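Here the structure comes first, spelled out in C-alpha cells, and everything after it is commentary.
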Amino acid sequence: MNRMFFRLLVLLMSLSLIGIILVQVYWFNSSFNNNDEQFKFHVKQVIGNVAEKLEKQEAYNFYDRYNKLKDSTGRIPQREDIMEFTLVQKNKKTNKTIVYSNSIISEDYKISPSFSNKKKDDLKFKNFNSKRTTEIYNNNSIDNSGYQKSLIPDVKIEKSGNLDILDNAQFEISYKDIASAMPIQERVSNDVLNKLIKKELDENGVNTHFEFGVYSNGLATKIRSENFSYDKDATYSTPIFTDNEGTEKYKLLVTFPYKKKFLLSELVSITVLSIIFTLIILIAYTSALNQLIRQRQISEIKTDFINNMTHEFKTPIATINLALDAIRNPKIIEDKDKVFKYLEMIRDENKRMHAQVENVLRISKLEKKELDIIKESKNVEEVIEDAIEHVNLILEDREGKIDLHFEASRTTVLLNDFHFTNVIVNILENAIKYTPGIPKIDIYTENIKDMLLIKVKDNGLGMSKIAQKRVFEKFYREHTGDLHNVKGHGLGLAYVKQIVEDHNGQVYVESEKGKGSTFIIKIPLIN
C-alpha cells in the first residue's frame, strides 16, 4: 500500500470517528437543553396553577365564613335603591304598549367583627338584588288622547334575584383588602403548600425532589421548607396573593436541588446505547487501524526476510557453482585432494542452506502444533554446556569467551534435549553476532521458588525499548545500519519463544542501547 494513500486513509477514518463522537456530543447537549426547556415550561405551569389555587382556596374560605355569618345575624337588612331604570315602548301596528322597569336594591348587613379579627362594634356587608318588571297594555287600556283608562296592565311579569356579578366584584374587593392586612402564615401553611405543589408536580410528570419558600418584597418569610436555598439555575418563581391594586407583595419560589440528575435520568437509556455503539465503533476502528498497521509491518518484515534469505542463499549458491566449475577442470579432477576439498565445500554450503530451510519449517510446524516434542528429565546445566560446544568454534574465531555462574541448587527439569539445546544455541549465536567487539558472555542459573532461571548476558549492541517488545516476533529484526551487516532471518528468537512456552516456561529480555542484553528463561522444576 502506498505510504501517502495509507496516511490519507488513516486521516479520513480518524476524522470520521471524531465527527461521529462530536455529533453524539451535540445530540446529547441538544437533548439536554430541550429537556431543560420542557422542565421549565412544566414547572412554570405548576407554580402558576399553585398560585391560582391558593387564591381560589382563600377566596372560598372567606366566602364560606361570610355566608355563615350573614345567615346567623337574624337581622332584617336595610334596603336602599341605588339605581332605577324605566323603558316605555309602543307598537303602532298592534297598539300595544310595553313598560319595562329595573331597579337595583342594596341590602346592608351588620355582622359580628370576629370575621376579620378587627376591633370594631360591627361590620357592614352589602348584598345586591335586582327587581325587574314588564307590563303590557293593550289598545283598549289607553284612550285616544293617550291617557290610561286603567292602571292595571293586561299582562304583568315580575322577576327578582341576586346580582352575582356585583356581589362577586364587591366580595373580591372586600376579601382582598382584608386578606392583605393579614400575615402570610395566617393565609397559607407549609403543609398545605407542600401538598399542593407535590400534587401539581406529579400530575405534570415532574417526579423529583423540591424545596419551596415564600418571599415578601425580597425577604424570606416563615413559609418555607426546611432545606430551601436559592439556586439561580434551579429556582423558579411566581407571584401569589396579588392585591386589588395588582401589587405583587409575595412570591412563591420552588427550587429543584437534583434538577440536572433528573434531566439526565430521562436521557440515560438512549445515552447508554449511544455510548455503547460509539465504543463499538471506536473498538472496531482501533482494531482495523491496528490490523492495517500490523499488516503493513508484516509486509515490510516479510520483504526484509526475503531480502535476507536471498542474500544468504546467494553466497552458498555461488560457492557451490564455483566448486563445481573447479571440479570440472581437467587439471583439478585428477587431483583427488582438491576434489575432496571442493566436495566438502559443496556439502557445507548445502548443509547451511538446509539448516535455514529447516528453521522456517520448524517454526511453521510449531505454530500448527505439528512438531512432536518428547520431554525427559534433564539437568539444565548439562544442556547449557552442550550448547556452548556448538558455538565454541565461532566464539574462538572472534576471540571471545563464556563465563559460567551456576548457582542453582536444583537443576532438573522436564525438557526436550534437542530443542532446548537449540534454544540456548540461538541465544548464544545472537549474543556473538550482535557484539561488534570481542564477545564476552556470562551465563547464570538460580532457583526462585519452584522455578529455574537461566540468564544469558552479553556485551553487545543492546536494543531499544520497541525492539525489546518485538524481538520474539517472527521475521522481526532490528536494523543496525546496513540491512545485511548481520546475518539472519528473524526466526531464531521466535523459535526460542515457541519452544520455551511449549515447556511451560517464559522468556524475556532486559536491554539498554549500547550496554548489551540479558535474555532470561524461567522454566518449572520437577517436584
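In the C-alpha cells, chains take letters A, B, ... by order of appearance, with residues numbered from 1 within each chain and ligands from 1 in the order shown.
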Worksheet item: Which residues come within 12 Å of A:Leu428, counting only C-alpha atoms, excluding same-chain residues fewer than 4 positions away, as a VMD selection string?
Response: chain A and resid 384 to 385 387 to 392 394 to 395 400 to 402 421 to 424 432 to 435 439 to 443 455 to 460 492 to 493 496 517 to 519
Fill in: Nearby residues (only C-alpha atoms) at most 12 Å from A:Lys341, same-chain spacing under 5 positions excluded, as a ChimeraX atom specification
/A:320,323-324,326-327,332-333,335-336,346-348
Discussion item. Between atom CA of A:Gln295 and atom CA of A:Leu8, what is the distance in Å, rounded to a tenth?
Written reply: 16.7 Å
Practice prompt. Write out as JSON, numbers by chain all residues of stretch 360-509 of chain A that DSSP puts in alpha helix (DSSP H) for this structure's backbone.
Written response: {"A": [360, 361, 362, 363, 364, 365, 366, 367, 380, 381, 382, 383, 384, 385, 386, 387, 388, 389, 390, 391, 392, 393, 394, 395, 396, 397, 417, 418, 419, 420, 421, 422, 423, 424, 425, 426, 427, 428, 429, 430, 431, 432, 433, 465, 466, 467, 468, 469, 470, 492, 493, 494, 495, 496, 497, 498, 499, 500, 501, 502]}
Worksheet item: atom CA of A:Asn61 and atom CA of A:Tyr250 are how many Å apart?
Response: 19.5 Å
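The residue that comes closest to A:Leu87, out of A:Ile20, A:Ala408, A:Val99, A:Leu279 and on the basis of only C-alpha atoms, is A:Val99.
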For A:Ile21: contacts at 12 Å, only C-alpha atoms, fewer than 2 positions along chain excluded, given as a compact mmCIF listing (two decimals) with N, CA and C atoms, in the first residue's frame:
```
# COMPACT_ATOMS: atom_id res chain seq x y z
N SER A 14 -9.96 8.62 10.94
CA SER A 14 -9.88 9.32 12.23
C SER A 14 -10.84 10.50 12.27
N LEU A 15 -10.90 11.28 11.17
CA LEU A 15 -11.82 12.42 11.10
C LEU A 15 -13.27 11.95 11.17
N SER A 16 -13.58 10.83 10.52
CA SER A 16 -14.94 10.29 10.56
C SER A 16 -15.32 9.89 11.98
N LEU A 17 -14.40 9.24 12.67
CA LEU A 17 -14.67 8.82 14.05
C LEU A 17 -14.86 10.03 14.96
N ILE A 18 -13.99 11.02 14.81
CA ILE A 18 -14.11 12.25 15.61
C ILE A 18 -15.45 12.92 15.31
N GLY A 19 -15.84 12.93 14.01
CA GLY A 19 -17.11 13.52 13.62
C GLY A 19 -18.29 12.82 14.27
N VAL A 23 -20.89 14.54 16.85
CA VAL A 23 -22.33 14.53 16.59
C VAL A 23 -23.08 13.98 17.81
N GLN A 24 -22.52 12.92 18.42
CA GLN A 24 -23.14 12.34 19.61
C GLN A 24 -23.16 13.35 20.75
N VAL A 25 -22.05 14.07 20.92
CA VAL A 25 -21.97 15.08 21.99
C VAL A 25 -22.98 16.20 21.72
N TYR A 26 -23.07 16.64 20.44
CA TYR A 26 -24.01 17.71 20.07
C TYR A 26 -25.45 17.26 20.31
N TRP A 27 -25.76 16.01 19.93
CA TRP A 27 -27.10 15.48 20.13
C TRP A 27 -27.44 15.44 21.62
N PHE A 28 -26.50 14.96 22.43
CA PHE A 28 -26.74 14.88 23.86
C PHE A 28 -26.98 16.27 24.45
N SER A 274 -26.13 4.96 23.01
CA SER A 274 -25.26 5.76 22.14
C SER A 274 -23.79 5.55 22.48
N ILE A 275 -23.49 5.51 23.80
CA ILE A 275 -22.10 5.30 24.23
C ILE A 275 -21.62 3.91 23.84
N ILE A 276 -22.52 2.91 24.01
CA ILE A 276 -22.14 1.53 23.66
C ILE A 276 -21.82 1.42 22.17
N PHE A 277 -22.71 1.99 21.33
CA PHE A 277 -22.48 1.91 19.89
C PHE A 277 -21.23 2.69 19.49
N THR A 278 -21.01 3.84 20.15
CA THR A 278 -19.81 4.63 19.85
C THR A 278 -18.55 3.86 20.24
N LEU A 279 -18.62 3.17 21.40
CA LEU A 279 -17.47 2.36 21.84
C LEU A 279 -17.21 1.21 20.87
N ILE A 280 -18.30 0.60 20.38
CA ILE A 280 -18.14 -0.48 19.41
C ILE A 280 -17.44 0.03 18.15
N ILE A 281 -17.89 1.21 17.69
CA ILE A 281 -17.26 1.81 16.51
C ILE A 281 -15.80 2.14 16.80
N LEU A 282 -15.53 2.68 18.01
CA LEU A 282 -14.17 3.03 18.39
C LEU A 282 -13.28 1.79 18.45
```
Fill in: Shell of 10 Å around A:Glu266, only C-alpha atoms, local chain residues under 5 positions omitted, as a VMD selection string
chain A and resid 31 to 32 35 261 271
May I have the selected residues written with C-alpha atoms, as a short mmCIF file (atom, residue, chain, number, x, y, z; two decimals), in the first residue's frame?
```
data_model
loop_
_atom_site.label_atom_id
_atom_site.label_comp_id
_atom_site.auth_asym_id
_atom_site.auth_seq_id
_atom_site.Cartn_x
_atom_site.Cartn_y
_atom_site.Cartn_z
CA SER A 31 -31.48 16.83 24.04
CA PHE A 32 -30.43 18.04 27.49
CA ASN A 35 -35.43 18.64 28.34
CA LYS A 261 -29.75 14.49 37.78
CA THR A 271 -27.29 7.85 26.11
#
```
